[in-house]
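Written below as structure tokens is the structure these notes are about.
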Amino acid sequence: MAFKKVWCALALGFLLPFSCAHTDFFTSIGHMTDLINTEKDLVVSLKDYIKAEESKLEQIKKWAEKLDQLTATATKDPEGFLGHPVNAFKLMKRLNTEWGELESLVLKDMSDGFISNMTIQRQFFPNDEDQTGAAKALLRLQDTYNLDTDTLSRGNLPGVKHKSFLTAEDCFELGKIAYTEADYYHTELWMEQALKQLDEGEVSSADKVYILDYLSYAVYQQGDLGKAMALTRRLLELDPEHQRANGNMKYFEYIMAKEKEANKSSTDSEEQQEKETEVKKKDYLPERRKYEMLCRGEGLKMTPRRQKRLFCRYYDGNRNPRYILGPVKQEDEWDKPRIVRFLDIISDEEIETVKELAKPRLRRATISNPITGALETAHYRISKSAWLSGYESPVVSRINTRIQDLTGLDVSTAEELQVANYGVGGQYEPHFDFGRKDEPDAFKELGTGNRIATWLFYMSDVSAGGATVFPEVGASVWPRKGTAVFWYNLFPSGEGDYSTRHAACPVLVGNKWVSNKWLHERGQEFRRPCTLSELE
């Protein structure tokens, strides 16, 4: 039998989505979309490998079926069968040649192409830091938007297009990541959710023993000794020989006995337990509470009387020739500090051009160290950004001119257009855009003075979350694609307006693209002169 050779011509294509490996994938949804294409390429490669294996097995199966029939006939009358010279020749040929070819086919490794593709693509995979960052983002969203674990696990989020859910194993992984951060509050929440889903009958590789081990310790760390002992007993019912659980139980019993000996009142114990359980995070400051409330659309301080003083209008840039015949729509978002929104101020085509220019250059967003002035990454700013100059694209140049015309400020001393894309739960916690008096070197290298004003383009709609909030004054500004908001960071006197302290709320559902233009003091001396009052 002559075997047809199997050529494993897997369509690898070695589609490399990046010219160089990127890090911090979790900080930009824009870059994460490239991972979808990478995974799709791997799935195609995997399916080709499966087809090659199936083709190989099909040939082996046909060979086995043919020989099964042949040997069944031959073994009934061996001498009579071999009495035919052709049968005798073919038996010699099969055993000497064809079985060897079959052996080679069986031993042939059809996975080479797939493994080769995996090896090449793996250098562009996310790493442990990305997985941890994405997990922390889910925990951050849970806190900011008051989501219970069951809601998040079942994917019941507002505005979702593609519903997804977390398995018990996923919940267990979130709990473990919280545990490594000594975040026992979230460890308890997610280990309990994993346990709940297993108790409801979910089939999973997650082990109740491991879950109970983490859960009992997390509960103990939060001061609930009774619950920790109950969970440890449940663990020992599943695994009576569990060494750590047996040790913990003895220790818990010892602690319990000491508490009884000390005659601690149950009231005091309960009060202490409540205090410890209530503390979710070490940095849970009043400003953070205000910030999170505003992100949820709560705590707004705009009274009806003040609301009546907010207007919408057609604005011509103070009789700017470009806008006299075609004024733009402008709305008042807030009165103090004055925040205005310009509608339909950037087109979809301009937005796509800006995104295309920025995407290859997106890097983890940095903040300026107030002590050294050096740029560095920060856990409270989860996004990637890129800088675009006016000379590299007529679109960027046109946008810069538009900003100058509508603000009346000179953009020649402004910073380049910064484009930012937020990642999973992307946010920028409360901050000032201007340099304070204790940061004299904040913009020293630029030589253009402090940031006098901020212009912020919203280049995408966000399904849920992603507001720009001002905790000091109780204001929330929500993203609307094609609009821009503008405010002054400094009073005419040059003093900083501390009411402009603001934050970008975590993106709950969707993809948030923005671009900023920070205008500086230099060149504005006659465009925005100081007044006679040093208080303004």
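The chains in the structure tokens are called A, B, ... from first to last as shown; in each chain the residues are counted from 1, and the ligands are counted from 1 in the order shown.
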#### Entry: For Leu67 of chain A: contacts at 12 Å, only C-alpha atoms, fewer than 4 positions along chain excluded, given as a list in words
Met1, Ile60, Lys61, Lys62, Trp63, Thr71, Ala72, Thr73, Ala74, Thr75, Lys90, Leu91, Arg94, Leu95, Glu98 and Trp99 of chain A
Output file for the selection above: all heavy atoms, as a short mmCIF file (atom, residue, chain, number, x, y, z; two decimals), in the first residue's frame:
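Now in part-v8.cif:
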```
data_model
loop_
_atom_site.label_atom_id
_atom_site.label_comp_id
_atom_site.auth_asym_id
_atom_site.auth_seq_id
_atom_site.Cartn_x
_atom_site.Cartn_y
_atom_site.Cartn_z
N MET A 1 0.85 -1.21 0.00
CA MET A 1 0.00 0.00 0.00
C MET A 1 0.87 1.24 0.00
O MET A 1 1.80 1.37 0.79
CB MET A 1 -0.88 0.00 1.26
CG MET A 1 -1.66 1.29 1.44
SD MET A 1 -2.62 1.25 2.96
CE MET A 1 -3.25 2.89 2.95
N ILE A 60 -4.88 6.65 9.26
CA ILE A 60 -4.56 5.50 10.11
C ILE A 60 -5.80 4.61 10.27
O ILE A 60 -5.71 3.37 10.24
CB ILE A 60 -4.04 5.97 11.48
CG1 ILE A 60 -2.72 6.74 11.30
CG2 ILE A 60 -3.86 4.81 12.44
CD1 ILE A 60 -2.22 7.43 12.57
N LYS A 61 -6.95 5.25 10.41
CA LYS A 61 -8.20 4.50 10.59
C LYS A 61 -8.51 3.67 9.34
O LYS A 61 -8.88 2.49 9.44
CB LYS A 61 -9.33 5.49 10.87
CG LYS A 61 -10.68 4.83 11.13
CD LYS A 61 -11.75 5.89 11.41
CE LYS A 61 -13.11 5.24 11.60
NZ LYS A 61 -14.17 6.26 11.82
N LYS A 62 -8.35 4.27 8.14
CA LYS A 62 -8.61 3.55 6.89
C LYS A 62 -7.67 2.35 6.75
O LYS A 62 -8.06 1.26 6.32
CB LYS A 62 -8.45 4.50 5.70
CG LYS A 62 -9.58 5.51 5.56
CD LYS A 62 -9.35 6.41 4.37
CE LYS A 62 -10.49 7.43 4.22
NZ LYS A 62 -10.25 8.35 3.08
N TRP A 63 -6.41 2.55 7.09
CA TRP A 63 -5.41 1.48 7.03
C TRP A 63 -5.79 0.35 7.99
O TRP A 63 -5.73 -0.83 7.63
CB TRP A 63 -4.05 2.07 7.37
CG TRP A 63 -2.94 1.09 7.65
CD1 TRP A 63 -2.33 0.88 8.83
CD2 TRP A 63 -2.32 0.21 6.73
NE1 TRP A 63 -1.37 -0.07 8.72
CE2 TRP A 63 -1.33 -0.50 7.43
CE3 TRP A 63 -2.51 -0.05 5.37
CZ2 TRP A 63 -0.53 -1.47 6.83
CZ3 TRP A 63 -1.70 -1.02 4.78
CH2 TRP A 63 -0.72 -1.70 5.49
N THR A 71 -6.87 -9.40 7.38
CA THR A 71 -6.38 -10.41 8.33
C THR A 71 -7.50 -11.35 8.77
O THR A 71 -7.25 -12.52 9.08
CB THR A 71 -5.77 -9.73 9.58
OG1 THR A 71 -6.72 -8.82 10.13
CG2 THR A 71 -4.49 -8.99 9.22
N ALA A 72 -8.73 -10.83 8.82
CA ALA A 72 -9.87 -11.69 9.17
C ALA A 72 -10.02 -12.81 8.14
O ALA A 72 -10.29 -13.97 8.48
CB ALA A 72 -11.15 -10.87 9.26
N THR A 73 -9.84 -12.47 6.86
CA THR A 73 -9.93 -13.47 5.79
C THR A 73 -8.74 -14.41 5.83
O THR A 73 -8.88 -15.64 5.71
CB THR A 73 -9.99 -12.77 4.42
OG1 THR A 73 -11.11 -11.88 4.41
CG2 THR A 73 -10.12 -13.78 3.29
N ALA A 74 -7.53 -13.83 6.00
CA ALA A 74 -6.30 -14.63 5.94
C ALA A 74 -6.21 -15.64 7.08
O ALA A 74 -5.73 -16.77 6.89
CB ALA A 74 -5.09 -13.70 5.95
N THR A 75 -6.66 -15.26 8.30
CA THR A 75 -6.51 -16.15 9.44
C THR A 75 -7.46 -17.34 9.40
O THR A 75 -7.25 -18.34 10.09
CB THR A 75 -6.76 -15.37 10.75
OG1 THR A 75 -8.01 -14.68 10.66
CG2 THR A 75 -5.62 -14.38 11.02
N LYS A 90 2.44 -9.49 -1.23
CA LYS A 90 1.92 -8.30 -0.55
C LYS A 90 2.13 -8.37 0.97
O LYS A 90 2.34 -7.35 1.63
CB LYS A 90 0.43 -8.12 -0.86
CG LYS A 90 0.19 -7.78 -2.34
CD LYS A 90 -1.27 -7.47 -2.63
CE LYS A 90 -1.66 -6.13 -2.09
NZ LYS A 90 -3.00 -5.72 -2.51
N LEU A 91 2.12 -9.61 1.54
CA LEU A 91 2.38 -9.74 2.97
C LEU A 91 3.81 -9.33 3.27
O LEU A 91 4.09 -8.61 4.24
CB LEU A 91 2.14 -11.19 3.41
CG LEU A 91 2.48 -11.50 4.87
CD1 LEU A 91 1.59 -10.68 5.81
CD2 LEU A 91 2.34 -13.00 5.15
N ARG A 94 4.02 -5.50 2.91
CA ARG A 94 3.38 -4.78 4.01
C ARG A 94 4.27 -4.76 5.25
O ARG A 94 4.50 -3.73 5.86
CB ARG A 94 2.03 -5.41 4.36
CG ARG A 94 0.90 -5.03 3.43
CD ARG A 94 -0.46 -5.30 4.07
NE ARG A 94 -0.60 -6.69 4.48
CZ ARG A 94 -1.02 -7.69 3.69
NH1 ARG A 94 -1.32 -7.43 2.42
NH2 ARG A 94 -1.14 -8.92 4.16
N LEU A 95 4.73 -5.94 5.64
CA LEU A 95 5.50 -6.03 6.87
C LEU A 95 6.88 -5.40 6.74
O LEU A 95 7.43 -4.85 7.71
CB LEU A 95 5.64 -7.49 7.31
CG LEU A 95 4.32 -8.12 7.76
CD1 LEU A 95 4.50 -9.61 8.03
CD2 LEU A 95 3.80 -7.44 9.01
N GLU A 98 5.38 -1.14 4.38
CA GLU A 98 4.22 -0.31 4.67
C GLU A 98 3.99 -0.12 6.17
O GLU A 98 3.56 0.95 6.59
CB GLU A 98 2.99 -0.91 3.99
CG GLU A 98 3.10 -0.84 2.46
CD GLU A 98 1.89 -1.43 1.76
OE1 GLU A 98 0.94 -1.84 2.46
OE2 GLU A 98 1.88 -1.48 0.52
N TRP A 99 4.26 -1.14 6.98
CA TRP A 99 4.11 -0.95 8.43
C TRP A 99 5.14 0.06 8.95
O TRP A 99 4.88 0.80 9.89
CB TRP A 99 4.26 -2.29 9.17
CG TRP A 99 2.96 -3.05 9.26
CD1 TRP A 99 2.56 -4.07 8.47
CD2 TRP A 99 1.90 -2.80 10.19
NE1 TRP A 99 1.30 -4.51 8.83
CE2 TRP A 99 0.88 -3.73 9.89
CE3 TRP A 99 1.69 -1.90 11.22
CZ2 TRP A 99 -0.33 -3.78 10.59
CZ3 TRP A 99 0.51 -1.95 11.92
CH2 TRP A 99 -0.50 -2.87 11.62
#
```
### Residues near Ala135 of chain A, cut-off 9 Å, only C-alpha atoms, skip fewer than 4 positions along chain, as a PyMOL selection string
chain A and resi 130-131+139-140+173-174+177-178+424
Produce a file of the selected residues containing C-alpha atoms, as a PDB file, in the first residue's frame.
```pdb
ATOM      1  CA  ASP A 130      -1.405  42.792  33.203  1.00  0.00           C
ATOM      2  CA  GLN A 131      -3.536  40.040  34.733  1.00  0.00           C
ATOM      3  CA  LEU A 139     -12.094  45.374  42.454  1.00  0.00           C
ATOM      4  CA  ARG A 140     -11.809  49.139  41.914  1.00  0.00           C
ATOM      5  CA  GLU A 173      -8.388  33.985  41.068  1.00  0.00           C
ATOM      6  CA  LEU A 174      -9.689  37.455  41.993  1.00  0.00           C
ATOM      7  CA  ILE A 177      -4.900  38.434  43.849  1.00  0.00           C
ATOM      8  CA  ALA A 178      -6.615  40.440  46.597  1.00  0.00           C
ATOM      9  CA  VAL A 424      -9.762  48.220  32.221  1.00  0.00           C
TER      10      VAL A 424
END
```
### Task
Can you check which residues of segment 315-463 of chain A DSSP gives as alpha helix (DSSP H) on the backbone and send them as a list in words?
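Reading the DSSP output for segment 315-463 of chain A, alpha helix (DSSP H) covers Asp348, Glu349, Glu350, Ile351, Glu352, Thr353, Val354, Lys355, Glu356, Leu357, Ala358, Pro394, Val395, Val396, Ser397, Arg398, Ile399, Asn400, Thr401, Arg402, Ile403, Gln404, Asp405, Leu406 and Thr407 of chain A.
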#### Entry: Shell of 10 Å around Lys108 of chain A, only C-alpha atoms, local chain residues under 3 positions omitted, as a PyMOL selection string
chain A and resi 6+8+53+56+102-105+111-112
Please produce a file of the residues just selected, as a PDB file, in the first residue's frame, where the atoms kept are C-alpha atoms.
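What landed in again_32.pdb:
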```
ATOM      1  CA  VAL A   6       0.506  14.232   4.830  1.00  0.00           C
ATOM      2  CA  CYS A   8       1.050  19.861   7.463  1.00  0.00           C
ATOM      3  CA  GLU A  53      -4.377  15.632  13.264  1.00  0.00           C
ATOM      4  CA  LYS A  56      -3.632  11.833  10.013  1.00  0.00           C
ATOM      5  CA  LEU A 102       2.601   3.659   9.098  1.00  0.00           C
ATOM      6  CA  GLU A 103       4.924   3.876  12.101  1.00  0.00           C
ATOM      7  CA  SER A 104       6.454   7.068  10.682  1.00  0.00           C
ATOM      8  CA  LEU A 105       2.981   8.524  10.158  1.00  0.00           C
ATOM      9  CA  SER A 111       1.896  20.320  16.231  1.00  0.00           C
ATOM     10  CA  ASP A 112       5.133  21.898  14.979  1.00  0.00           C
TER      11      ASP A 112
END
```
### Task
Show which residues sit within 7 Å of Asn511 of chain A, as a ChimeraX atom specification. Count only C-alpha atoms, and ignore same-chain residues fewer than 6 positions away.
/A:29,422,462
Which residues are near Arg361 of chain A? Cut-off 10 Å, only C-alpha atoms, ignore same chain within fewer than 6 positions. Put them as a PDB file with N, CA, C and O atoms, in the first residue's frame.
```pdb
ATOM      1  N   LYS A 384      -3.123  55.029  28.833  1.00  0.00           N
ATOM      2  CA  LYS A 384      -1.949  55.221  27.985  1.00  0.00           C
ATOM      3  C   LYS A 384      -2.149  56.503  27.201  1.00  0.00           C
ATOM      4  O   LYS A 384      -3.282  56.875  26.870  1.00  0.00           O
ATOM      5  N   SER A 385      -1.050  57.170  26.901  1.00  0.00           N
ATOM      6  CA  SER A 385      -1.164  58.451  26.209  1.00  0.00           C
ATOM      7  C   SER A 385      -0.077  58.599  25.157  1.00  0.00           C
ATOM      8  O   SER A 385       0.934  57.892  25.170  1.00  0.00           O
ATOM      9  N   ALA A 386      -0.326  59.502  24.239  1.00  0.00           N
ATOM     10  CA  ALA A 386       0.638  59.847  23.185  1.00  0.00           C
ATOM     11  C   ALA A 386       0.513  61.333  22.921  1.00  0.00           C
ATOM     12  O   ALA A 386      -0.532  61.947  23.166  1.00  0.00           O
ATOM     13  N   TRP A 387       1.606  61.931  22.420  1.00  0.00           N
ATOM     14  CA  TRP A 387       1.622  63.378  22.154  1.00  0.00           C
ATOM     15  C   TRP A 387       1.696  63.621  20.657  1.00  0.00           C
ATOM     16  O   TRP A 387       2.505  63.010  19.963  1.00  0.00           O
ATOM     17  N   LEU A 388       0.847  64.527  20.154  1.00  0.00           N
ATOM     18  CA  LEU A 388       0.797  64.844  18.727  1.00  0.00           C
ATOM     19  C   LEU A 388       1.104  66.317  18.505  1.00  0.00           C
ATOM     20  O   LEU A 388       0.529  67.191  19.154  1.00  0.00           O
ATOM     21  N   VAL A 419      -3.164  62.663  23.641  1.00  0.00           N
ATOM     22  CA  VAL A 419      -4.265  61.733  23.391  1.00  0.00           C
ATOM     23  C   VAL A 419      -4.169  60.611  24.420  1.00  0.00           C
ATOM     24  O   VAL A 419      -3.091  60.041  24.616  1.00  0.00           O
TER      25      VAL A 419
END
```
Give me the residues near Asn450 of chain A as a short mmCIF file (atom, residue, chain, number, x, y, z; two decimals) with C-alpha atoms, in the first residue's frame, where near means some atom within 6 Å (using only C-alpha atoms) and where sequence neighbours in that chain fewer than 2 positions away do not count.
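New file out.cif:
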```cif
data_model
loop_
_atom_site.label_atom_id
_atom_site.label_comp_id
_atom_site.auth_asym_id
_atom_site.auth_seq_id
_atom_site.Cartn_x
_atom_site.Cartn_y
_atom_site.Cartn_z
CA ILE A 452 -3.47 78.55 32.75
CA HIS A 520 0.28 77.97 29.49
CA GLU A 521 0.69 81.50 30.89
#
```
### Query
If you run DSSP on the backbone, which residues of segment 235-352 of chain A are strand (DSSP E or B), as a count of residues only?
16
### Task
Would you kindly return, as number ranges by chain, each protein, DNA or RNA residue with an atom no farther than 12 Å from any atom of segment 213-220 of chain A, considering only C-alpha atoms and excluding same-chain residues fewer than 5 positions away?
A: 172-195, 207-208, 225-236, 238-239, 242-249, 251-252, 255-256, 273, 276-277
### Message
One number please: atom CA of Ser499 of chain A to atom CA of Ser533 of chain A, in Å, one decimal.
### Response
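Taking atom CA of Ser499 of chain A as the start and atom CA of Ser533 of chain A as the end point, the length is 18.9 Å.
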### Query
Interatomic distance between atom CA of Thr151 of chain A and atom CA of Gly223 of chain A?
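Pair atom CA of Thr151 of chain A / atom CA of Gly223 of chain A returns 26.4 Å.
When atom CA of Gly317 of chain A is paired with atom CA of Phe443 of chain A, their separation reads 28.3 Å.
Minimum atom-to-atom distances from A:Ala484, A:Val209, A:Leu35, A:Ile50 to Glu331 of chain A were compared using only C-alpha atoms, and the lowest value belongs to A:Ala484.
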